[in-house]
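Asker: For reference, the structure I am asking about is given below.
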Amino acid sequence: MKLIGLDPGLACTGWGVIAAEGNRLSHIANGRIRTEAKASMAERLVTLADGLRGVLAEHAPADAGIEEVFVNTNAQSTLKLGQARGALMLILAEAGLPIGEYAPRLVKKAVVGTGGADKAQVHAMVSVLLPGAKIAGADAADALAVAITHAHHRASARAVGAAA
């Protein structure tokens, strides 16, 4: 099954597509959707939506994972991130994809083993878990980490359902 992971951001949204077959994961593609800083908020959201639509059309994932909003001290930044995430979730929902939502600390713990991991550690572990993947940057690495986390959570849910 193909899964897409998203690391939402208004300036740059990372995306990563993997294939999950049982416990085996393989890299399909990854990249970033960038917006123009001088564009209006509405134009930036359209750029994100159109970019994600293109990725979905090209790779046709069957399921999606997205990182939850990280609340920081700057309320304005958090609000903008929430708007970007909302636009992305709308496109995923319009495509009929089930969506898993994951806290940043959970993604880091699932991939690196500690919720306090930094971006370099996440990138390194994603490279180990998806050998041969040429990762387009930190945002794409984070998106692949979300996809890996989503694959693991789906597999665990299936295993628990089968045991019941």
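Residue numbers start at 1 in each chain; chains themselves are named A, B, ... in the order of the structure tokens; ligands are numbered from 1 in the order shown.
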Skipping near chain neighbours, those fewer than 4 positions away, what residues fall within 8 Å of A:Arg34 using only C-alpha atoms, listed as a ChimeraX atom specification?
Answerer: /A:10-13,47-48
Asker: As an NGL selection string, please: all residues of stretch 20-154 of chain A that backbone DSSP puts in alpha helix (DSSP H).
Answerer: :A and (41-59 or 75-94 or 104-111 or 119-129 or 138-154)
Asker: Please list as a ChimeraX atom specification every residue within 9 Å of stretch 103-116 of chain A, counting only C-alpha atoms and excluding residues in the same chain fewer than 4 positions away.
Answerer: /A:66-70,121-122,124-126,129,142,145-146,148-150,152
Asker: Could you list, as a PyMOL selection string, every residue within 7 Å of A:His27, counting only C-alpha atoms and ignoring same-chain residues fewer than 5 positions away?
Answerer: chain A and resi 17-19+130+133
Asker: I need the chosen residues saved as a PDB file, in the first residue's frame, with all heavy atoms.
Answerer:
ATOM      1  N   VAL A  17       6.335   9.851  -0.045  1.00  0.00           N
ATOM      2  CA  VAL A  17       5.492   8.704  -0.395  1.00  0.00           C
ATOM      3  C   VAL A  17       6.315   7.438  -0.218  1.00  0.00           C
ATOM      4  O   VAL A  17       7.444   7.348  -0.719  1.00  0.00           O
ATOM      5  CB  VAL A  17       4.963   8.804  -1.847  1.00  0.00           C
ATOM      6  CG1 VAL A  17       4.103   7.593  -2.194  1.00  0.00           C
ATOM      7  CG2 VAL A  17       4.174  10.101  -2.044  1.00  0.00           C
ATOM      8  N   ILE A  18       5.750   6.485   0.519  1.00  0.00           N
ATOM      9  CA  ILE A  18       6.401   5.202   0.733  1.00  0.00           C
ATOM     10  C   ILE A  18       5.425   4.079   0.388  1.00  0.00           C
ATOM     11  O   ILE A  18       4.216   4.303   0.309  1.00  0.00           O
ATOM     12  CB  ILE A  18       6.904   5.027   2.179  1.00  0.00           C
ATOM     13  CG1 ILE A  18       5.742   5.029   3.177  1.00  0.00           C
ATOM     14  CG2 ILE A  18       7.946   6.110   2.520  1.00  0.00           C
ATOM     15  CD1 ILE A  18       6.144   4.660   4.609  1.00  0.00           C
ATOM     16  N   ALA A  19       5.973   2.896   0.209  1.00  0.00           N
ATOM     17  CA  ALA A  19       5.160   1.694   0.052  1.00  0.00           C
ATOM     18  C   ALA A  19       5.347   0.865   1.311  1.00  0.00           C
ATOM     19  O   ALA A  19       6.471   0.711   1.799  1.00  0.00           O
ATOM     20  CB  ALA A  19       5.586   0.903  -1.172  1.00  0.00           C
ATOM     21  N   LEU A 130      14.966   3.933   4.995  1.00  0.00           N
ATOM     22  CA  LEU A 130      14.624   3.922   3.568  1.00  0.00           C
ATOM     23  C   LEU A 130      15.924   4.028   2.762  1.00  0.00           C
ATOM     24  O   LEU A 130      16.218   5.063   2.168  1.00  0.00           O
ATOM     25  CB  LEU A 130      13.683   5.084   3.233  1.00  0.00           C
ATOM     26  CG  LEU A 130      12.344   5.109   3.984  1.00  0.00           C
ATOM     27  CD1 LEU A 130      11.600   6.414   3.704  1.00  0.00           C
ATOM     28  CD2 LEU A 130      11.497   3.905   3.620  1.00  0.00           C
ATOM     29  N   ALA A 133      17.211   6.293  -0.593  1.00  0.00           N
ATOM     30  CA  ALA A 133      16.341   7.450  -0.849  1.00  0.00           C
ATOM     31  C   ALA A 133      17.183   8.718  -0.901  1.00  0.00           C
ATOM     32  O   ALA A 133      17.989   8.973  -0.020  1.00  0.00           O
ATOM     33  CB  ALA A 133      15.284   7.564   0.240  1.00  0.00           C
TER      34      ALA A 133
END
Asker: Once DSSP has gone over the backbone, tell me which residues of stretch 27-140 of chain A are in strand (DSSP E), as a VMD selection string.
Answerer: chain A and resid 27 to 34 63 to 67 99 to 102
Asker: Just checking: using only C-alpha atoms, which residue out of A:Asp7, A:Gly82, A:Asn72, A:Leu25 ends up closest to A:Leu52?
Answerer: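 Distance minimum relative to A:Leu52 lands on A:Asp7.
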Asker: Skipping near chain neighbours, those fewer than 3 positions away, what residues fall within 7 Å of A:Trp15 using only C-alpha atoms, listed as a ChimeraX atom specification?
Answerer: /A:4-7,30-32,140,143-144
Asker: One decimal, Å: what's the distance from atom CA of A:Asp50 over to atom CA of A:Val71, could you say?
Answerer: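 Rounded to one decimal, the two atoms are 25.8 Å apart.
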Asker: Would you pick out the contacts of A:Met1 at 7 Å or less, using only C-alpha atoms, so that residues sharing its chain but fewer than 3 positions from it are not included, and give the list as a ChimeraX atom specification?
Answerer: /A:19-21,62
Asker: Write a file of the selected residues as a PDB file, in the first residue's frame, keeping C-alpha atoms.
Answerer:
ATOM      1  CA  ALA A  19       5.160   1.694   0.052  1.00  0.00           C
ATOM      2  CA  ALA A  20       4.295  -0.480   3.046  1.00  0.00           C
ATOM      3  CA  GLU A  21       4.002  -4.230   2.586  1.00  0.00           C
ATOM      4  CA  ALA A  62      -4.162   5.066  -0.567  1.00  0.00           C
TER       5      ALA A  62
END
Asker: Distance atom CA of A:Glu101-atom CA of A:Lys38, one decimal place?
Answerer: 29.6 Å
Asker: Quick one: of A:Arg44, A:Lys2, A:His59, A:Arg24, who's nearest to A:Gln83, counting only C-alpha atoms?
Answerer: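 Result for the nearest residue to A:Gln83: A:Arg44.
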Asker: Closest to A:Asp139 among A:Ala120, A:Ile91, A:Ala39, A:Leu3, using only C-alpha atoms?
Answerer: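 Answer, going by the shortest atom-to-atom distance: A:Ala120.
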Asker: For A:Ala93, please output as a PyMOL selection string all residues within 12 Å (counting only C-alpha atoms; exclusion window: fewer than 5 positions along the same chain).
Answerer: chain A and resi 49+52-53+56+62-66+86-88+98-100
